[in-house]
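Visitor: Take a look at input.cif, mmCIF, C-alpha atoms:
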```cif
data_start
#
loop_
_atom_site.label_atom_id
_atom_site.label_comp_id
_atom_site.auth_asym_id
_atom_site.auth_seq_id
_atom_site.Cartn_x
_atom_site.Cartn_y
_atom_site.Cartn_z
CA MET G 1395 8.03 16.72 -11.00
CA LYS G 1396 11.51 17.97 -10.20
CA GLY G 1397 13.48 15.57 -8.00
CA GLY G 1398 10.97 12.71 -8.36
CA ILE G 1399 8.91 11.18 -5.56
CA THR G 1400 10.73 10.48 -2.31
CA LYS G 1401 7.88 10.23 0.22
CA ALA G 1402 5.64 7.28 1.01
CA MET G 1403 3.01 6.03 3.42
CA VAL G 1404 2.79 2.53 4.85
CA LEU G 1405 -0.69 1.53 6.04
CA ALA G 1406 -0.33 -0.39 9.30
CA ALA G 1407 -3.34 0.47 11.45
CA GLY G 1408 -5.48 -2.57 10.66
CA LEU G 1409 -6.80 -4.99 13.27
CA GLY G 1410 -5.82 -8.18 11.44
CA THR G 1411 -9.09 -9.82 12.46
CA ARG G 1412 -8.90 -12.64 9.92
CA LEU G 1413 -5.58 -13.79 11.38
CA ARG G 1414 -6.77 -14.02 14.97
CA PRO G 1415 -5.68 -15.36 17.41
CA LEU G 1416 -2.21 -14.61 15.99
CA THR G 1417 -2.94 -10.88 15.88
CA LEU G 1418 -4.46 -10.57 19.33
CA THR G 1419 -1.06 -9.96 20.90
CA VAL G 1420 1.08 -9.18 17.84
CA PRO G 1421 0.08 -6.65 15.15
CA LYS G 1422 -0.13 -8.18 11.69
CA PRO G 1423 2.85 -6.18 10.31
CA LEU G 1424 5.07 -7.82 12.95
CA LEU G 1425 4.20 -11.41 12.11
CA CYS G 1426 7.29 -13.44 11.22
CA LEU G 1427 7.88 -14.70 7.71
CA ASP G 1428 11.46 -15.91 7.97
CA SER G 1429 14.20 -14.03 9.79
CA GLN G 1430 12.23 -10.85 9.06
CA LYS G 1431 8.88 -9.40 10.02
CA LEU G 1432 6.19 -8.68 7.44
CA VAL G 1433 6.68 -4.90 7.70
CA ASP G 1434 10.36 -5.26 6.76
CA TYR G 1435 9.40 -6.15 3.20
CA PRO G 1436 7.48 -3.01 2.14
CA LEU G 1437 9.96 -0.76 3.94
CA SER G 1438 12.91 -2.37 2.17
CA LEU G 1439 11.05 -2.22 -1.15
CA LEU G 1440 10.45 1.52 -0.72
CA ALA G 1441 14.07 2.19 0.19
CA LYS G 1442 15.25 0.26 -2.86
CA GLY G 1443 12.90 2.35 -4.98
CA GLY G 1444 14.44 5.64 -3.93
CA VAL G 1445 11.95 6.64 -1.23
CA ARG G 1446 13.58 8.44 1.68
CA LYS G 1447 10.79 9.62 4.00
CA VAL G 1448 7.96 7.39 5.21
CA VAL G 1449 4.99 7.90 7.49
CA ILE G 1450 3.33 4.84 9.05
CA ASN G 1451 -0.20 5.04 10.44
CA LEU G 1452 -0.77 3.11 13.66
CA HIS G 1453 -3.71 1.92 15.74
CA HIS G 1454 -3.86 -1.72 16.84
CA LEU G 1455 -0.79 -2.44 19.02
CA GLY G 1456 0.86 0.50 17.31
CA ASP G 1457 3.51 1.01 19.98
CA MET G 1458 4.95 -2.40 19.13
CA ILE G 1459 5.35 -1.41 15.48
CA ARG G 1460 6.93 1.90 16.41
CA GLU G 1461 9.35 0.20 18.80
CA TYR G 1462 10.37 -2.34 16.15
CA VAL G 1463 10.75 0.01 13.15
CA GLY G 1464 12.11 2.98 15.12
CA ASP G 1465 13.33 5.91 13.08
CA GLY G 1466 13.81 3.73 10.00
CA ARG G 1467 17.55 4.26 9.84
CA ARG G 1468 18.36 0.59 9.36
CA TYR G 1469 16.26 0.57 6.19
CA GLY G 1470 17.88 3.73 4.87
CA LEU G 1471 14.68 5.65 5.60
CA ASN G 1472 13.46 8.48 7.79
CA VAL G 1473 10.29 7.11 9.40
CA SER G 1474 7.64 9.05 11.30
CA TYR G 1475 4.24 8.01 12.62
CA SER G 1476 0.59 8.99 12.49
CA PHE G 1477 -1.41 7.60 15.44
CA GLU G 1478 -5.14 6.95 15.17
CA PRO G 1479 -6.94 6.69 18.54
CA GLU G 1480 -9.94 5.57 16.49
CA ILE G 1481 -9.16 3.55 13.38
CA LEU G 1482 -9.95 5.70 10.35
CA GLY G 1483 -9.94 3.28 7.44
CA THR G 1484 -7.76 3.39 4.34
CA GLY G 1485 -8.95 6.81 3.21
CA GLY G 1486 -9.14 8.37 6.66
CA GLY G 1487 -5.71 7.14 7.64
CA ILE G 1488 -4.12 8.69 4.57
CA LYS G 1489 -6.06 11.95 4.98
CA ASN G 1490 -4.97 12.14 8.63
CA ALA G 1491 -1.34 12.25 7.52
CA GLU G 1492 -1.94 14.87 4.79
CA SER G 1493 0.48 17.45 6.20
CA PHE G 1494 3.36 14.98 5.84
CA PHE G 1495 3.12 15.01 2.05
CA GLY G 1496 3.33 18.77 1.55
CA GLY G 1497 1.03 18.77 -1.46
CA GLU G 1498 3.29 16.37 -3.38
CA PRO G 1499 2.49 12.94 -4.83
CA PHE G 1500 3.60 9.97 -2.75
CA VAL G 1501 3.80 6.19 -2.87
CA CYS G 1502 1.35 4.30 -0.64
CA ILE G 1503 1.68 0.61 0.23
CA ASN G 1504 0.06 -1.84 2.61
CA SER G 1505 2.18 -3.16 5.46
CA ASP G 1506 0.50 -6.56 5.37
CA SER G 1507 1.14 -7.79 1.83
CA LEU G 1508 4.07 -9.03 -0.20
CA ILE G 1509 4.76 -7.56 -3.61
CA LYS G 1510 7.93 -7.30 -5.67
CA ALA G 1511 7.03 -4.33 -7.86
CA ASP G 1512 9.70 -1.96 -9.13
CA ILE G 1513 9.02 1.27 -7.23
CA LYS G 1514 11.33 3.30 -9.44
CA ALA G 1515 9.46 2.14 -12.55
CA LEU G 1516 6.12 2.87 -10.87
CA ILE G 1517 7.19 6.41 -9.99
CA ALA G 1518 8.56 7.03 -13.48
CA ALA G 1519 5.34 5.77 -15.09
CA HIS G 1520 3.22 7.96 -12.84
CA LEU G 1521 5.23 11.10 -13.54
CA ALA G 1522 5.24 10.43 -17.28
CA SER G 1523 1.47 9.93 -17.38
CA ASN G 1524 0.50 13.16 -15.61
CA ALA G 1525 -2.23 11.10 -13.91
CA ASP G 1526 -3.89 12.11 -10.66
CA ALA G 1527 -3.01 8.69 -9.25
CA THR G 1528 -1.55 5.40 -10.42
CA MET G 1529 -2.80 2.04 -9.15
CA VAL G 1530 -0.67 -1.11 -9.32
CA LEU G 1531 -2.92 -3.83 -10.71
CA LYS G 1532 -2.48 -7.51 -11.37
CA GLU G 1533 -4.36 -9.75 -13.79
CA ARG G 1534 -7.24 -11.44 -12.00
CA LYS G 1535 -7.69 -15.19 -12.23
CA PRO G 1536 -11.05 -16.90 -11.57
CA SER G 1537 -9.68 -18.25 -8.28
CA ASP G 1538 -8.49 -14.86 -7.00
CA PRO G 1539 -10.56 -13.62 -4.02
CA TYR G 1540 -10.34 -9.96 -5.03
CA ALA G 1541 -12.79 -7.51 -6.54
CA GLY G 1542 -12.28 -6.68 -10.17
CA VAL G 1543 -10.94 -3.42 -11.56
CA SER G 1544 -11.81 -2.43 -15.13
CA VAL G 1545 -9.08 -0.91 -17.28
CA LYS G 1546 -9.21 0.56 -20.78
CA GLU G 1547 -6.13 1.75 -22.66
CA GLY G 1548 -4.10 2.00 -19.48
CA ILE G 1549 -6.74 3.98 -17.54
CA VAL G 1550 -8.80 2.72 -14.59
CA LYS G 1551 -12.48 3.00 -15.44
CA GLY G 1552 -14.29 1.40 -12.52
CA PHE G 1553 -14.41 -1.05 -9.63
CA GLY G 1554 -16.33 -4.24 -8.88
CA ASP G 1555 -15.82 -5.92 -12.24
CA GLY G 1556 -12.90 -6.28 -14.60
CA ASP G 1557 -9.90 -8.39 -15.55
CA HIS G 1558 -7.51 -6.98 -12.92
CA PHE G 1559 -7.38 -6.49 -9.17
CA TYR G 1560 -5.85 -3.81 -6.97
CA THR G 1561 -2.71 -4.79 -5.05
CA GLY G 1562 -2.84 -1.96 -2.50
CA LEU G 1563 0.29 -0.32 -3.97
CA GLN G 1564 -0.16 3.05 -5.67
CA VAL G 1565 1.00 6.59 -6.22
CA ILE G 1566 -1.42 9.16 -4.83
CA GLY G 1567 -1.43 12.73 -6.09
CA PRO G 1568 -2.79 15.85 -4.36
CA ARG G 1569 -6.13 15.83 -6.22
CA LEU G 1570 -7.06 12.40 -4.85
CA LEU G 1571 -5.94 13.38 -1.36
CA LYS G 1572 -8.03 16.56 -1.53
CA ILE G 1573 -11.18 14.71 -2.60
CA LEU G 1574 -11.18 12.47 0.49
CA PRO G 1575 -13.44 13.44 3.42
CA PRO G 1576 -11.91 15.80 6.02
CA ALA G 1577 -9.28 14.53 8.45
CA GLY G 1578 -10.67 12.68 11.44
CA ARG G 1579 -13.47 10.98 9.53
CA ILE G 1580 -13.56 7.27 8.77
CA SER G 1581 -13.37 6.73 5.02
CA CYS G 1582 -12.50 4.21 2.34
CA LEU G 1583 -9.84 5.06 -0.23
CA ILE G 1584 -11.76 3.29 -3.01
CA ASN G 1585 -15.32 4.40 -2.30
CA ASP G 1586 -14.60 7.88 -0.95
CA GLY G 1587 -11.52 8.58 -3.02
CA TYR G 1588 -10.94 6.77 -6.30
CA LYS G 1589 -14.60 6.41 -7.30
CA LYS G 1590 -15.28 10.09 -6.65
CA LEU G 1591 -12.09 11.12 -8.45
CA ILE G 1592 -13.04 9.14 -11.56
CA ALA G 1593 -16.62 10.47 -11.43
CA ALA G 1594 -15.20 14.01 -11.34
CA GLY G 1595 -13.16 13.37 -14.48
CA GLY G 1596 -9.90 12.52 -12.76
CA ASN G 1597 -7.30 10.38 -14.47
CA VAL G 1598 -6.22 7.18 -12.69
CA ALA G 1599 -3.47 5.29 -14.51
CA ALA G 1600 -3.05 1.51 -14.34
CA PHE G 1601 0.41 0.08 -13.72
CA ILE G 1602 0.14 -3.61 -14.63
CA TYR G 1603 2.28 -5.91 -12.51
CA SER G 1604 2.86 -9.62 -13.14
CA GLY G 1605 5.14 -10.69 -10.29
CA TYR G 1606 4.63 -12.23 -6.88
CA PHE G 1607 1.77 -10.98 -4.73
CA SER G 1608 0.12 -12.15 -1.51
CA ASP G 1609 -2.01 -10.15 0.91
CA LEU G 1610 -1.60 -12.71 3.74
CA GLY G 1611 -5.25 -12.07 4.58
CA THR G 1612 -6.00 -15.54 5.92
CA PRO G 1613 -4.07 -18.10 7.99
CA GLU G 1614 -3.78 -20.25 4.86
CA ARG G 1615 -2.26 -17.45 2.77
CA TYR G 1616 0.06 -16.52 5.64
CA GLU G 1617 1.40 -20.08 5.82
CA ARG G 1618 1.71 -20.23 2.03
CA ALA G 1619 3.69 -16.99 2.00
CA LYS G 1620 6.12 -18.40 4.56
CA GLU G 1621 6.58 -21.45 2.35
CA ASP G 1622 7.08 -19.24 -0.73
CA ILE G 1623 9.82 -17.27 1.00
CA ALA G 1624 11.49 -20.42 2.28
CA ARG G 1625 11.74 -21.81 -1.26
CA GLY G 1626 12.80 -18.48 -2.78
CA ALA G 1627 9.66 -17.78 -4.81
CA TYR G 1628 9.27 -14.24 -3.54
CA ARG G 1629 12.87 -13.23 -4.11
CA SER G 1630 13.05 -14.73 -7.59
CA GLU G 1631 10.03 -12.90 -9.00
CA THR G 1632 10.44 -9.79 -11.13
CA LEU G 1633 8.16 -7.48 -13.07
#
```
Before anything else, please render the file you have as C-alpha cells.

Guide:
Amino acid sequence: MKGGITKAMVLAAGLGTRLRPLTLTVPKPLLCLDSQKLVDYPLSLLAKGGVRKVVINLHHLGDMIREYVGDGRRYGLNVSYSFEPEILGTGGGIKNAESFFGGEPFVCINSDSLIKADIKALIAAHLASNADATMVLKERKPSDPYAGVSVKEGIVKGFGDGDHFYTGLQVIGPRLLKILPPAGRISCLINDGYKKLIAAGGNVAAFIYSGYFSDLGTPERYERAKEDIARGAYRSETL
C-alpha cells in the first residue's frame, strides 16, 4: 500500500462495568494511572507508530473524553469522533465509523488497555503479508483470563482454544470491515467479523507480541497497572 497506514480507531465507548463505582462518574479511558490518563497511552503509541488521523467512538460519558482529548494536537494527531447514542459493540462501533477509513486498512486499538507493541512493525508486517487483517496476539499462560486463539504457521485459525490470546490491537482491512453487519446494528468484532472472515476463506495474520500487556478489566488489574507504571515496568518493556 503506497504511503503506508496512517489512520486508526480507538475504541472508547464501553461502560466499564467491572470497574464500578470508579466508572460511574468517570469513563474508563479517563482513569488515572500516573500523571496521565489511560487514554493517553494508546494515543501516544499510535502517534509514535506513524499514525496521523484517529477516530474515537464514544458512548458512556463520551463528552468527557472528547473534552479531554480535544482535536488530538498535543499527541501529534488529528482526532475526530463517532458518537453512539446506543452502544454498538466492538463490531458495530467500527462499522459505524466506516466512512472515516475511506476503504483503506487501519490500526484499531482499545482505549482501556496497556500494550507496548511496535505499531510501525505491526503495519509493516501486515502490508508484507497481504492479509485481510492482522491480530496482535500474546502467548497465553494457564493463569491468563482470556479466551484462546489458535494459530498455525503465522495464520489465525480459530477462537476459543489455542496457545495465544487476542490483545485488542490489530490492523483491519476493507474485507473484514465489509463483512460486518450494516452500520447501526450491534455486533461483535470476533463473532460477526473475524469468524465469518475466516469461514469465507479470508486470511488473518498473527503478529506475536511478548511485551507488557494489561487490559485493566478489574479493580485488581487496574491497581496492578498503576504499580507497574510507578516502578517502570511498562516503559521498560519492548517487543

Visitor: Point out the residue among G:Arg1615, G:Lys1551, G:His1520, G:Lys1546 with the least atom-to-atom distance to Ala1593 of chain G, counting only C-alpha atoms.

Guide: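 Checking each of G:Arg1615, G:Lys1551, G:His1520, G:Lys1546 against Ala1593 of chain G, counting only C-alpha atoms, the winner is G:Lys1551.
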
Visitor: Report the residues retrieved by the PyMOL selection byres ((chain G and resi 1585) around 12) from the displayed file, expressed as a VMD selection string.

Guide: chain G and resid 1483 to 1486 1552 to 1554 1570 1573 to 1575 1580 to 1584 1586 to 1593

Visitor: Please compute the atom CA of Asn1472 of chain G-atom CA of Ala1441 of chain G distance, one decimal, in Å.

Guide: 9.9 Å

Visitor: Any chance you could work out the residue set of the PyMOL selection byres ((chain G and resi 1399) around 7) here, as a list in words?

Guide: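 Written out, the selection comes to Gly1397, Gly1398, Thr1400, Lys1401, Val1445, Pro1499, Phe1500 and Ile1517 of chain G.
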
Visitor: Neighbourhood query: residues within 8 Å of (-2.9, 13.2, -6.6), file coordinates, counting all atoms listed in the file; return as a list in words.

Guide: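 I get Glu1498, Pro1499, Ala1525, Asp1526, Ala1527, Val1565, Ile1566, Gly1567, Pro1568, Arg1569, Leu1570, Leu1571 and Lys1572 of chain G for the residues within 8 Å of that point.
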
Visitor: Rounded to one decimal in Å, what is the spacing between atom CA of Ala1402 of chain G and atom CA of Ser1523 of chain G?

Guide: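 About the pair atom CA of Ala1402 of chain G and atom CA of Ser1523 of chain G: they are 19.0 Å apart.
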
Visitor: Write out N, CA and C atoms for segment 1403-1437 of chain G, as a PDB file, in the coordinates of the input.

Guide:
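The new file rebuild.pdb reads:
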```pdb
ATOM      1  N   MET G1403       3.767   6.398   2.233  1.00  0.00           N
ATOM      2  CA  MET G1403       3.010   6.030   3.420  1.00  0.00           C
ATOM      3  C   MET G1403       2.846   4.523   3.454  1.00  0.00           C
ATOM      4  N   VAL G1404       3.025   3.953   4.630  1.00  0.00           N
ATOM      5  CA  VAL G1404       2.790   2.530   4.850  1.00  0.00           C
ATOM      6  C   VAL G1404       1.567   2.400   5.756  1.00  0.00           C
ATOM      7  N   LEU G1405       0.542   1.701   5.281  1.00  0.00           N
ATOM      8  CA  LEU G1405      -0.690   1.530   6.040  1.00  0.00           C
ATOM      9  C   LEU G1405      -0.544   0.349   6.999  1.00  0.00           C
ATOM     10  N   ALA G1406      -0.608   0.644   8.303  1.00  0.00           N
ATOM     11  CA  ALA G1406      -0.330  -0.390   9.300  1.00  0.00           C
ATOM     12  C   ALA G1406      -1.280  -0.348  10.484  1.00  0.00           C
ATOM     13  N   ALA G1407      -2.447   0.270  10.315  1.00  0.00           N
ATOM     14  CA  ALA G1407      -3.340   0.470  11.450  1.00  0.00           C
ATOM     15  C   ALA G1407      -4.391  -0.632  11.601  1.00  0.00           C
ATOM     16  N   GLY G1408      -4.419  -1.575  10.670  1.00  0.00           N
ATOM     17  CA  GLY G1408      -5.480  -2.570  10.660  1.00  0.00           C
ATOM     18  C   GLY G1408      -5.471  -3.503  11.864  1.00  0.00           C
ATOM     19  N   LEU G1409      -6.629  -4.123  12.108  1.00  0.00           N
ATOM     20  CA  LEU G1409      -6.800  -4.990  13.270  1.00  0.00           C
ATOM     21  C   LEU G1409      -6.340  -6.425  13.012  1.00  0.00           C
ATOM     22  N   GLY G1410      -6.229  -6.817  11.758  1.00  0.00           N
ATOM     23  CA  GLY G1410      -5.820  -8.180  11.440  1.00  0.00           C
ATOM     24  C   GLY G1410      -6.783  -9.233  11.940  1.00  0.00           C
ATOM     25  N   THR G1411      -8.084  -8.935  11.855  1.00  0.00           N
ATOM     26  CA  THR G1411      -9.090  -9.820  12.460  1.00  0.00           C
ATOM     27  C   THR G1411      -9.099 -11.211  11.856  1.00  0.00           C
ATOM     28  N   ARG G1412      -8.831 -11.328  10.561  1.00  0.00           N
ATOM     29  CA  ARG G1412      -8.900 -12.640   9.920  1.00  0.00           C
ATOM     30  C   ARG G1412      -7.739 -13.551  10.330  1.00  0.00           C
ATOM     31  N   LEU G1413      -6.727 -12.978  10.945  1.00  0.00           N
ATOM     32  CA  LEU G1413      -5.580 -13.790  11.380  1.00  0.00           C
ATOM     33  C   LEU G1413      -5.578 -14.026  12.897  1.00  0.00           C
ATOM     34  N   ARG G1414      -6.687 -13.700  13.555  1.00  0.00           N
ATOM     35  CA  ARG G1414      -6.770 -14.020  14.970  1.00  0.00           C
ATOM     36  C   ARG G1414      -6.804 -15.529  15.161  1.00  0.00           C
ATOM     37  N   PRO G1415      -6.189 -16.068  16.224  1.00  0.00           N
ATOM     38  CA  PRO G1415      -5.680 -15.360  17.410  1.00  0.00           C
ATOM     39  C   PRO G1415      -4.251 -14.838  17.284  1.00  0.00           C
ATOM     40  N   LEU G1416      -3.596 -15.057  16.128  1.00  0.00           N
ATOM     41  CA  LEU G1416      -2.210 -14.610  15.990  1.00  0.00           C
ATOM     42  C   LEU G1416      -2.062 -13.120  16.245  1.00  0.00           C
ATOM     43  N   THR G1417      -3.054 -12.341  15.810  1.00  0.00           N
ATOM     44  CA  THR G1417      -2.940 -10.880  15.880  1.00  0.00           C
ATOM     45  C   THR G1417      -3.573 -10.272  17.134  1.00  0.00           C
ATOM     46  N   LEU G1418      -3.940 -11.104  18.087  1.00  0.00           N
ATOM     47  CA  LEU G1418      -4.460 -10.570  19.330  1.00  0.00           C
ATOM     48  C   LEU G1418      -3.369  -9.926  20.179  1.00  0.00           C
ATOM     49  N   THR G1419      -2.178 -10.472  20.097  1.00  0.00           N
ATOM     50  CA  THR G1419      -1.060  -9.960  20.900  1.00  0.00           C
ATOM     51  C   THR G1419       0.093  -9.432  20.051  1.00  0.00           C
ATOM     52  N   VAL G1420       0.041  -9.667  18.756  1.00  0.00           N
ATOM     53  CA  VAL G1420       1.080  -9.180  17.840  1.00  0.00           C
ATOM     54  C   VAL G1420       0.379  -8.518  16.654  1.00  0.00           C
ATOM     55  N   PRO G1421       0.707  -7.270  16.320  1.00  0.00           N
ATOM     56  CA  PRO G1421       0.080  -6.650  15.150  1.00  0.00           C
ATOM     57  C   PRO G1421       0.492  -7.383  13.878  1.00  0.00           C
ATOM     58  N   LYS G1422      -0.404  -7.431  12.918  1.00  0.00           N
ATOM     59  CA  LYS G1422      -0.130  -8.180  11.690  1.00  0.00           C
ATOM     60  C   LYS G1422       1.193  -7.802  11.017  1.00  0.00           C
ATOM     61  N   PRO G1423       1.568  -6.518  10.950  1.00  0.00           N
ATOM     62  CA  PRO G1423       2.850  -6.180  10.310  1.00  0.00           C
ATOM     63  C   PRO G1423       4.080  -6.767  10.999  1.00  0.00           C
ATOM     64  N   LEU G1424       3.926  -7.242  12.226  1.00  0.00           N
ATOM     65  CA  LEU G1424       5.070  -7.820  12.950  1.00  0.00           C
ATOM     66  C   LEU G1424       5.054  -9.337  12.964  1.00  0.00           C
ATOM     67  N   LEU G1425       4.167  -9.958  12.218  1.00  0.00           N
ATOM     68  CA  LEU G1425       4.200 -11.410  12.110  1.00  0.00           C
ATOM     69  C   LEU G1425       5.477 -11.836  11.389  1.00  0.00           C
ATOM     70  N   CYS G1426       6.035 -12.947  11.804  1.00  0.00           N
ATOM     71  CA  CYS G1426       7.290 -13.440  11.220  1.00  0.00           C
ATOM     72  C   CYS G1426       7.025 -14.177   9.916  1.00  0.00           C
ATOM     73  N   LEU G1427       7.928 -13.960   8.959  1.00  0.00           N
ATOM     74  CA  LEU G1427       7.880 -14.700   7.710  1.00  0.00           C
ATOM     75  C   LEU G1427       9.089 -15.625   7.584  1.00  0.00           C
ATOM     76  N   ASP G1428      10.243 -15.105   7.893  1.00  0.00           N
ATOM     77  CA  ASP G1428      11.460 -15.910   7.970  1.00  0.00           C
ATOM     78  C   ASP G1428      12.275 -15.290   9.095  1.00  0.00           C
ATOM     79  N   SER G1429      13.428 -14.761   8.780  1.00  0.00           N
ATOM     80  CA  SER G1429      14.200 -14.030   9.790  1.00  0.00           C
ATOM     81  C   SER G1429      13.711 -12.592   9.918  1.00  0.00           C
ATOM     82  N   GLN G1430      12.756 -12.209   9.070  1.00  0.00           N
ATOM     83  CA  GLN G1430      12.230 -10.850   9.060  1.00  0.00           C
ATOM     84  C   GLN G1430      10.762 -10.816   9.429  1.00  0.00           C
ATOM     85  N   LYS G1431      10.292  -9.629   9.773  1.00  0.00           N
ATOM     86  CA  LYS G1431       8.880  -9.400  10.020  1.00  0.00           C
ATOM     87  C   LYS G1431       8.228  -8.957   8.700  1.00  0.00           C
ATOM     88  N   LEU G1432       6.914  -9.057   8.654  1.00  0.00           N
ATOM     89  CA  LEU G1432       6.190  -8.680   7.440  1.00  0.00           C
ATOM     90  C   LEU G1432       6.453  -7.237   7.046  1.00  0.00           C
ATOM     91  N   VAL G1433       6.493  -6.315   8.009  1.00  0.00           N
ATOM     92  CA  VAL G1433       6.680  -4.900   7.700  1.00  0.00           C
ATOM     93  C   VAL G1433       8.050  -4.608   7.096  1.00  0.00           C
ATOM     94  N   ASP G1434       9.025  -5.482   7.334  1.00  0.00           N
ATOM     95  CA  ASP G1434      10.360  -5.260   6.760  1.00  0.00           C
ATOM     96  C   ASP G1434      10.322  -5.245   5.242  1.00  0.00           C
ATOM     97  N   TYR G1435       9.428  -6.009   4.649  1.00  0.00           N
ATOM     98  CA  TYR G1435       9.400  -6.150   3.200  1.00  0.00           C
ATOM     99  C   TYR G1435       8.959  -4.867   2.486  1.00  0.00           C
ATOM    100  N   PRO G1436       7.825  -4.261   2.818  1.00  0.00           N
ATOM    101  CA  PRO G1436       7.480  -3.010   2.140  1.00  0.00           C
ATOM    102  C   PRO G1436       8.456  -1.873   2.425  1.00  0.00           C
ATOM    103  N   LEU G1437       8.997  -1.817   3.637  1.00  0.00           N
ATOM    104  CA  LEU G1437       9.960  -0.760   3.940  1.00  0.00           C
ATOM    105  C   LEU G1437      11.232  -0.917   3.113  1.00  0.00           C
TER     106      LEU G1437
END
```
